[in-house]
Amino acid sequence: MTSTQAEIDRSQLGTLSVLAWIGDPSDGHDIPYLLAYTLGDGPQGREAGEAAARGLLEEIGLPIGDVVMDGTRNPSAFPVQIVLANNQIGLTMPGLNATCTAPDEWVAAANESGQAYFLFATRAWPEAVPGRPVDAKTLQEFAGDEAVLTGSAHCVLSVRRLQQ
């Protein structure tokens, strides 16, 4: 007997947002981070959006929890891609694309290391609306929350650059 996986209704995700930040360089922590999350504003609400996020990650083969996938070994075959053009980050996943503006220090760190740490949170974050700044304390409260971390997919990704 075989089973098939139901296709995920990506519309249930609602608004997919992406946020870029860097660790504290004075602590020797200058890693560029990229966080993807849903606002929980899909047609069937927050819970359906969170379920759709978990289903999407499962569908593309990204485990949720404490496993960090290495997308740098064979970047063209990995299901998540980051492309950087000036300060614009393009995130692509099967059936999804999102963009955000990266701070200069993120771009410098990504240029130096050639990679970024990517998290896709399954918990909705309706307070972090695109176009509004997120202060460091609010970011730390969300991205540093144990439940958010254990409910996220984690990867290290190569940062590709558009030829200009």
# chains A, B, ... in the order shown; residues from 1 in each chain; ligands from 1
$ select_by_dssp --residues "chain A" --states "helix (DSSP H, G or I)" --output "ChimeraX atom specification"
/A:10-13,25-27,46-60,75-77,104-113,136-143,146-150
$ write_last_selection --atoms "N, CA and C atoms" --output "short mmCIF file (atom, residue, chain, number, x, y, z; two decimals), in the first residue's frame"
data_model
loop_
_atom_site.label_atom_id
_atom_site.label_comp_id
_atom_site.auth_asym_id
_atom_site.auth_seq_id
_atom_site.Cartn_x
_atom_site.Cartn_y
_atom_site.Cartn_z
N ARG A 10 -1.15 26.69 0.02
CA ARG A 10 -0.27 27.79 0.40
C ARG A 10 -1.04 29.07 0.71
N SER A 11 -2.27 29.18 0.22
CA SER A 11 -3.05 30.39 0.51
C SER A 11 -3.36 30.48 2.01
N GLN A 12 -3.34 29.34 2.71
CA GLN A 12 -3.62 29.36 4.14
C GLN A 12 -2.49 30.00 4.94
N LEU A 13 -1.30 30.10 4.34
CA LEU A 13 -0.18 30.75 5.03
C LEU A 13 -0.49 32.21 5.32
N PRO A 25 28.29 41.96 16.51
CA PRO A 25 29.70 41.80 16.15
C PRO A 25 30.66 42.00 17.33
N SER A 26 30.27 42.81 18.31
CA SER A 26 31.16 43.03 19.47
C SER A 26 31.28 41.76 20.31
N ASP A 27 30.34 40.84 20.16
CA ASP A 27 30.41 39.55 20.83
C ASP A 27 31.02 38.48 19.91
N ARG A 46 -5.05 32.05 12.06
CA ARG A 46 -3.69 31.80 12.53
C ARG A 46 -3.36 30.30 12.61
N GLU A 47 -4.24 29.52 13.21
CA GLU A 47 -3.95 28.09 13.38
C GLU A 47 -3.80 27.39 12.04
N ALA A 48 -4.66 27.72 11.08
CA ALA A 48 -4.56 27.11 9.75
C ALA A 48 -3.27 27.55 9.07
N GLY A 49 -2.86 28.79 9.28
CA GLY A 49 -1.61 29.28 8.71
C GLY A 49 -0.40 28.57 9.30
N GLU A 50 -0.43 28.34 10.59
CA GLU A 50 0.66 27.63 11.25
C GLU A 50 0.71 26.17 10.78
N ALA A 51 -0.45 25.55 10.60
CA ALA A 51 -0.50 24.17 10.09
C ALA A 51 0.02 24.13 8.65
N ALA A 52 -0.33 25.13 7.85
CA ALA A 52 0.15 25.18 6.47
C ALA A 52 1.67 25.37 6.43
N ALA A 53 2.22 26.15 7.35
CA ALA A 53 3.67 26.33 7.41
C ALA A 53 4.36 25.01 7.75
N ARG A 54 3.83 24.28 8.72
CA ARG A 54 4.41 22.98 9.07
C ARG A 54 4.31 22.02 7.88
N GLY A 55 3.16 22.02 7.21
CA GLY A 55 2.97 21.15 6.04
C GLY A 55 3.91 21.50 4.91
N LEU A 56 4.12 22.78 4.68
CA LEU A 56 5.03 23.22 3.63
C LEU A 56 6.45 22.73 3.92
N LEU A 57 6.90 22.92 5.15
CA LEU A 57 8.25 22.49 5.50
C LEU A 57 8.40 20.99 5.34
N GLU A 58 7.40 20.25 5.76
CA GLU A 58 7.43 18.80 5.59
C GLU A 58 7.47 18.43 4.11
N GLU A 59 6.64 19.10 3.32
CA GLU A 59 6.54 18.82 1.88
C GLU A 59 7.88 19.01 1.18
N ILE A 60 8.64 20.03 1.57
CA ILE A 60 9.91 20.29 0.87
C ILE A 60 11.10 19.63 1.57
N PRO A 75 24.02 23.76 -3.21
CA PRO A 75 22.99 24.81 -3.13
C PRO A 75 21.95 24.77 -4.24
N SER A 76 22.34 24.38 -5.45
CA SER A 76 21.36 24.41 -6.54
C SER A 76 20.30 23.32 -6.39
N ALA A 77 20.58 22.28 -5.59
CA ALA A 77 19.61 21.21 -5.38
C ALA A 77 18.82 21.40 -4.09
N ASP A 104 22.90 47.13 5.88
CA ASP A 104 24.26 47.10 5.33
C ASP A 104 25.14 46.09 6.03
N GLU A 105 25.03 45.98 7.35
CA GLU A 105 25.88 45.04 8.08
C GLU A 105 25.54 43.59 7.75
N TRP A 106 24.29 43.31 7.40
CA TRP A 106 23.91 41.96 6.96
C TRP A 106 24.59 41.64 5.64
N VAL A 107 24.52 42.59 4.72
CA VAL A 107 25.14 42.40 3.41
C VAL A 107 26.65 42.18 3.56
N ALA A 108 27.30 42.99 4.41
CA ALA A 108 28.75 42.85 4.61
C ALA A 108 29.08 41.47 5.19
N ALA A 109 28.32 41.02 6.18
CA ALA A 109 28.58 39.71 6.79
C ALA A 109 28.31 38.58 5.79
N ALA A 110 27.25 38.71 4.99
CA ALA A 110 26.94 37.68 3.99
C ALA A 110 28.01 37.66 2.90
N ASN A 111 28.49 38.84 2.51
CA ASN A 111 29.56 38.89 1.50
C ASN A 111 30.83 38.24 2.03
N GLU A 112 31.12 38.46 3.31
CA GLU A 112 32.33 37.90 3.90
C GLU A 112 32.25 36.39 4.05
N SER A 113 31.13 35.88 4.56
CA SER A 113 31.03 34.44 4.83
C SER A 113 30.46 33.65 3.65
N ALA A 136 15.07 45.60 18.46
CA ALA A 136 15.89 44.46 18.88
C ALA A 136 15.23 43.64 19.98
N LYS A 137 14.56 44.28 20.92
CA LYS A 137 13.92 43.57 22.02
C LYS A 137 12.78 42.70 21.51
N THR A 138 11.96 43.23 20.62
CA THR A 138 10.84 42.48 20.06
C THR A 138 11.35 41.30 19.24
N LEU A 139 12.39 41.53 18.45
CA LEU A 139 12.99 40.45 17.66
C LEU A 139 13.53 39.36 18.59
N GLN A 140 14.24 39.74 19.63
CA GLN A 140 14.80 38.78 20.57
C GLN A 140 13.71 37.98 21.26
N GLU A 141 12.61 38.64 21.63
CA GLU A 141 11.51 37.94 22.28
C GLU A 141 10.89 36.88 21.38
N PHE A 142 10.81 37.17 20.08
CA PHE A 142 10.22 36.19 19.17
C PHE A 142 11.26 35.16 18.75
N ALA A 143 12.34 35.61 18.13
CA ALA A 143 13.32 34.68 17.55
C ALA A 143 14.09 33.91 18.61
N GLU A 146 12.08 29.81 23.01
CA GLU A 146 12.36 28.37 22.87
C GLU A 146 11.30 27.67 22.01
N ALA A 147 10.03 28.00 22.20
CA ALA A 147 8.96 27.37 21.42
C ALA A 147 9.05 27.75 19.95
N VAL A 148 9.45 28.99 19.67
CA VAL A 148 9.63 29.41 18.27
C VAL A 148 10.80 28.65 17.66
N LEU A 149 11.90 28.56 18.39
CA LEU A 149 13.09 27.88 17.88
C LEU A 149 12.83 26.40 17.62
N THR A 150 12.17 25.74 18.55
CA THR A 150 11.92 24.30 18.36
C THR A 150 10.80 24.05 17.35
#
$ residues_around --residues "A:Ala85" --least-positions-apart "3" --cutoff "10 Å" --atoms "only C-alpha atoms" --output "NGL selection string"
:A and (88-90 or 101-102 or 107 or 160-164)
$ residues_around --residues "A:Val18" --least-positions-apart "5" --cutoff "12 Å" --atoms "only C-alpha atoms" --output "compact mmCIF listing (two decimals) with all heavy atoms, in the first residue's frame"
# COMPACT_ATOMS: atom_id res chain seq x y z
N TYR A 33 21.39 36.49 9.72
CA TYR A 33 20.22 35.65 9.92
C TYR A 33 19.10 36.11 9.00
O TYR A 33 18.96 37.30 8.73
CB TYR A 33 19.70 35.76 11.36
CG TYR A 33 20.60 35.15 12.39
CD1 TYR A 33 21.53 35.92 13.06
CD2 TYR A 33 20.51 33.80 12.70
CE1 TYR A 33 22.37 35.36 14.01
CE2 TYR A 33 21.34 33.22 13.66
CZ TYR A 33 22.26 34.02 14.31
OH TYR A 33 23.08 33.46 15.25
N LEU A 34 18.30 35.15 8.57
CA LEU A 34 17.12 35.44 7.77
C LEU A 34 15.98 34.61 8.35
O LEU A 34 16.11 33.39 8.49
CB LEU A 34 17.35 35.09 6.31
CG LEU A 34 16.29 35.55 5.32
CD1 LEU A 34 16.23 37.08 5.27
CD2 LEU A 34 16.57 35.00 3.93
N LEU A 35 14.90 35.27 8.73
CA LEU A 35 13.75 34.63 9.34
C LEU A 35 12.53 34.79 8.45
O LEU A 35 12.18 35.90 8.07
CB LEU A 35 13.47 35.27 10.71
CG LEU A 35 12.19 34.89 11.43
CD1 LEU A 35 12.20 33.42 11.84
CD2 LEU A 35 11.97 35.79 12.64
N ALA A 36 11.90 33.67 8.11
CA ALA A 36 10.63 33.70 7.39
C ALA A 36 9.53 33.30 8.36
O ALA A 36 9.72 32.42 9.21
CB ALA A 36 10.66 32.72 6.21
N TYR A 37 8.40 33.96 8.25
CA TYR A 37 7.27 33.70 9.15
C TYR A 37 5.99 34.17 8.47
O TYR A 37 6.01 34.98 7.55
CB TYR A 37 7.45 34.41 10.49
CG TYR A 37 7.61 35.91 10.35
CD1 TYR A 37 6.50 36.75 10.45
CD2 TYR A 37 8.86 36.47 10.09
CE1 TYR A 37 6.64 38.12 10.30
CE2 TYR A 37 9.00 37.84 9.93
CZ TYR A 37 7.89 38.66 10.03
OH TYR A 37 8.03 40.01 9.86
N THR A 38 4.89 33.66 8.93
CA THR A 38 3.59 34.10 8.44
C THR A 38 2.99 35.08 9.45
O THR A 38 3.29 34.99 10.64
CB THR A 38 2.64 32.90 8.20
OG1 THR A 38 1.37 33.40 7.78
CG2 THR A 38 2.47 32.05 9.43
N LEU A 39 2.16 35.96 8.96
CA LEU A 39 1.47 36.88 9.87
C LEU A 39 0.25 36.23 10.51
O LEU A 39 -0.34 36.80 11.43
CB LEU A 39 1.03 38.14 9.13
CG LEU A 39 2.14 39.05 8.59
CD1 LEU A 39 1.53 40.27 7.92
CD2 LEU A 39 3.11 39.44 9.68
N ILE A 82 18.71 31.71 -1.36
CA ILE A 82 18.80 33.14 -1.06
C ILE A 82 19.60 33.79 -2.18
O ILE A 82 20.70 33.34 -2.50
CB ILE A 82 19.53 33.41 0.27
CG1 ILE A 82 18.76 32.84 1.46
CG2 ILE A 82 19.74 34.90 0.48
CD1 ILE A 82 19.50 32.96 2.78
N GLN A 88 18.86 43.97 -1.44
CA GLN A 88 17.61 43.23 -1.56
C GLN A 88 17.87 41.74 -1.50
O GLN A 88 18.69 41.21 -2.26
CB GLN A 88 16.90 43.58 -2.87
CG GLN A 88 16.44 45.01 -2.95
CD GLN A 88 15.45 45.34 -1.86
OE1 GLN A 88 14.43 44.67 -1.67
NE2 GLN A 88 15.76 46.37 -1.08
N ILE A 89 17.17 41.07 -0.58
CA ILE A 89 17.28 39.62 -0.44
C ILE A 89 16.05 39.01 -1.08
O ILE A 89 14.92 39.40 -0.78
CB ILE A 89 17.32 39.20 1.04
CG1 ILE A 89 18.52 39.81 1.75
CG2 ILE A 89 17.34 37.68 1.16
CD1 ILE A 89 18.47 39.64 3.26
N GLY A 90 16.28 38.05 -1.95
CA GLY A 90 15.19 37.26 -2.51
C GLY A 90 15.26 35.86 -1.92
O GLY A 90 16.31 35.22 -1.96
N LEU A 91 14.17 35.41 -1.34
CA LEU A 91 14.07 34.07 -0.78
C LEU A 91 13.15 33.28 -1.68
O LEU A 91 12.03 33.73 -1.96
CB LEU A 91 13.50 34.14 0.64
CG LEU A 91 13.17 32.80 1.29
CD1 LEU A 91 14.44 32.03 1.62
CD2 LEU A 91 12.33 33.02 2.55
N THR A 92 13.61 32.12 -2.16
CA THR A 92 12.75 31.28 -2.99
C THR A 92 12.67 29.89 -2.38
O THR A 92 13.65 29.34 -1.89
CB THR A 92 13.26 31.18 -4.44
OG1 THR A 92 14.56 30.62 -4.45
CG2 THR A 92 13.29 32.54 -5.11
N LEU A 96 6.89 29.45 -3.48
CA LEU A 96 6.88 30.68 -2.69
C LEU A 96 8.09 31.53 -2.99
O LEU A 96 9.20 31.02 -3.18
CB LEU A 96 6.92 30.37 -1.19
CG LEU A 96 5.72 29.73 -0.55
CD1 LEU A 96 6.03 29.38 0.90
CD2 LEU A 96 4.52 30.66 -0.61
N ASN A 97 7.88 32.82 -2.98
CA ASN A 97 8.97 33.80 -3.09
C ASN A 97 8.66 34.92 -2.11
O ASN A 97 7.51 35.29 -1.92
CB ASN A 97 9.05 34.39 -4.50
CG ASN A 97 9.39 33.36 -5.53
OD1 ASN A 97 10.37 32.66 -5.41
ND2 ASN A 97 8.55 33.25 -6.55
N ALA A 98 9.72 35.47 -1.53
CA ALA A 98 9.56 36.63 -0.65
C ALA A 98 10.82 37.47 -0.76
O ALA A 98 11.89 36.96 -1.10
CB ALA A 98 9.35 36.18 0.79
N THR A 99 10.68 38.75 -0.48
CA THR A 99 11.83 39.65 -0.52
C THR A 99 11.85 40.51 0.74
O THR A 99 10.82 40.72 1.38
CB THR A 99 11.80 40.58 -1.75
OG1 THR A 99 10.62 41.36 -1.69
CG2 THR A 99 11.86 39.79 -3.04
N CYS A 100 13.04 41.00 1.04
CA CYS A 100 13.17 41.99 2.10
C CYS A 100 14.43 42.79 1.85
O CYS A 100 15.29 42.41 1.05
CB CYS A 100 13.20 41.35 3.49
SG CYS A 100 14.70 40.50 3.94
N THR A 101 14.52 43.92 2.52
CA THR A 101 15.71 44.76 2.43
C THR A 101 16.62 44.41 3.59
O THR A 101 16.18 44.36 4.74
CB THR A 101 15.32 46.25 2.49
OG1 THR A 101 14.42 46.52 1.40
CG2 THR A 101 16.54 47.14 2.38
N ALA A 102 17.87 44.16 3.27
CA ALA A 102 18.86 43.80 4.29
C ALA A 102 19.62 45.03 4.75
O ALA A 102 19.96 45.89 3.94
CB ALA A 102 19.85 42.79 3.72
N PHE A 118 19.25 30.51 8.14
CA PHE A 118 17.85 30.71 7.80
C PHE A 118 16.96 29.94 8.76
O PHE A 118 17.22 28.78 9.06
CB PHE A 118 17.60 30.24 6.37
CG PHE A 118 16.15 30.23 5.97
CD1 PHE A 118 15.46 31.42 5.81
CD2 PHE A 118 15.48 29.04 5.73
CE1 PHE A 118 14.12 31.42 5.43
CE2 PHE A 118 14.15 29.03 5.36
CZ PHE A 118 13.47 30.22 5.21
N LEU A 119 15.92 30.60 9.23
CA LEU A 119 14.89 29.97 10.05
C LEU A 119 13.54 30.21 9.39
O LEU A 119 13.28 31.33 8.94
CB LEU A 119 14.82 30.59 11.45
CG LEU A 119 16.00 30.49 12.37
CD1 LEU A 119 16.87 31.71 12.23
CD2 LEU A 119 15.52 30.36 13.78
N PHE A 120 12.72 29.19 9.35
CA PHE A 120 11.34 29.35 8.92
C PHE A 120 10.48 28.98 10.12
O PHE A 120 10.39 27.82 10.51
CB PHE A 120 11.01 28.44 7.74
CG PHE A 120 9.71 28.78 7.06
CD1 PHE A 120 9.68 29.20 5.75
CD2 PHE A 120 8.50 28.67 7.74
CE1 PHE A 120 8.47 29.50 5.12
CE2 PHE A 120 7.28 28.97 7.13
CZ PHE A 120 7.27 29.38 5.81
N ALA A 121 9.89 29.99 10.74
CA ALA A 121 9.08 29.78 11.94
C ALA A 121 7.69 29.29 11.55
O ALA A 121 7.07 29.83 10.64
CB ALA A 121 8.97 31.07 12.74
N TRP A 125 3.59 35.41 13.50
CA TRP A 125 4.09 36.60 14.20
C TRP A 125 3.36 37.82 13.65
O TRP A 125 3.89 38.59 12.87
CB TRP A 125 5.59 36.72 14.01
CG TRP A 125 6.27 37.68 14.91
CD1 TRP A 125 5.81 38.25 16.07
CD2 TRP A 125 7.59 38.21 14.73
NE1 TRP A 125 6.76 39.07 16.62
CE2 TRP A 125 7.87 39.07 15.81
CE3 TRP A 125 8.56 38.04 13.76
CZ2 TRP A 125 9.07 39.76 15.94
CZ3 TRP A 125 9.76 38.71 13.88
CH2 TRP A 125 10.01 39.56 14.97
N ALA A 128 4.85 41.61 13.61
CA ALA A 128 5.97 42.02 12.76
C ALA A 128 5.48 42.24 11.32
O ALA A 128 5.76 41.48 10.42
CB ALA A 128 7.08 40.99 12.81
N VAL A 129 4.75 43.30 11.14
CA VAL A 129 4.13 43.62 9.86
C VAL A 129 5.19 44.21 8.92
O VAL A 129 5.97 45.07 9.32
CB VAL A 129 2.98 44.64 10.07
CG1 VAL A 129 2.37 45.06 8.76
CG2 VAL A 129 1.94 44.05 11.00
N PRO A 130 5.22 43.75 7.67
CA PRO A 130 6.17 44.30 6.70
C PRO A 130 6.04 45.82 6.59
O PRO A 130 4.95 46.37 6.64
CB PRO A 130 5.78 43.64 5.38
CG PRO A 130 5.07 42.39 5.78
CD PRO A 130 4.38 42.71 7.08
N GLY A 131 7.19 46.47 6.48
CA GLY A 131 7.21 47.92 6.34
C GLY A 131 7.33 48.66 7.65
O GLY A 131 7.58 49.85 7.67
N VAL A 134 11.14 46.56 13.35
CA VAL A 134 11.05 45.67 14.51
C VAL A 134 12.26 45.98 15.38
O VAL A 134 13.40 45.86 14.92
CB VAL A 134 11.08 44.19 14.08
CG1 VAL A 134 11.12 43.27 15.28
CG2 VAL A 134 9.88 43.87 13.19
$ atom_distance --atom1 "atom CA of A:Pro63" --atom2 "atom CA of A:His154"
7.8 Å
$ select_by_dssp --residues "chain A" --states "strand (DSSP E)" --output "ChimeraX atom specification"
/A:16-22,32-38,68-70,81-85,88-93,96-101,115-121,152-161
$ closest_residue --among "A:Gly144, A:Arg123, A:Pro79, A:Ala20" --to "A:Pro32" --atoms "only C-alpha atoms"
A:Ala20
$ atom_distance --atom1 "atom CA of A:Val156" --atom2 "atom CA of A:Asp66"
12.8 Å
$ atom_distance --atom1 "atom CA of A:Gly14" --atom2 "atom CA of A:Phe78"
24.1 Å
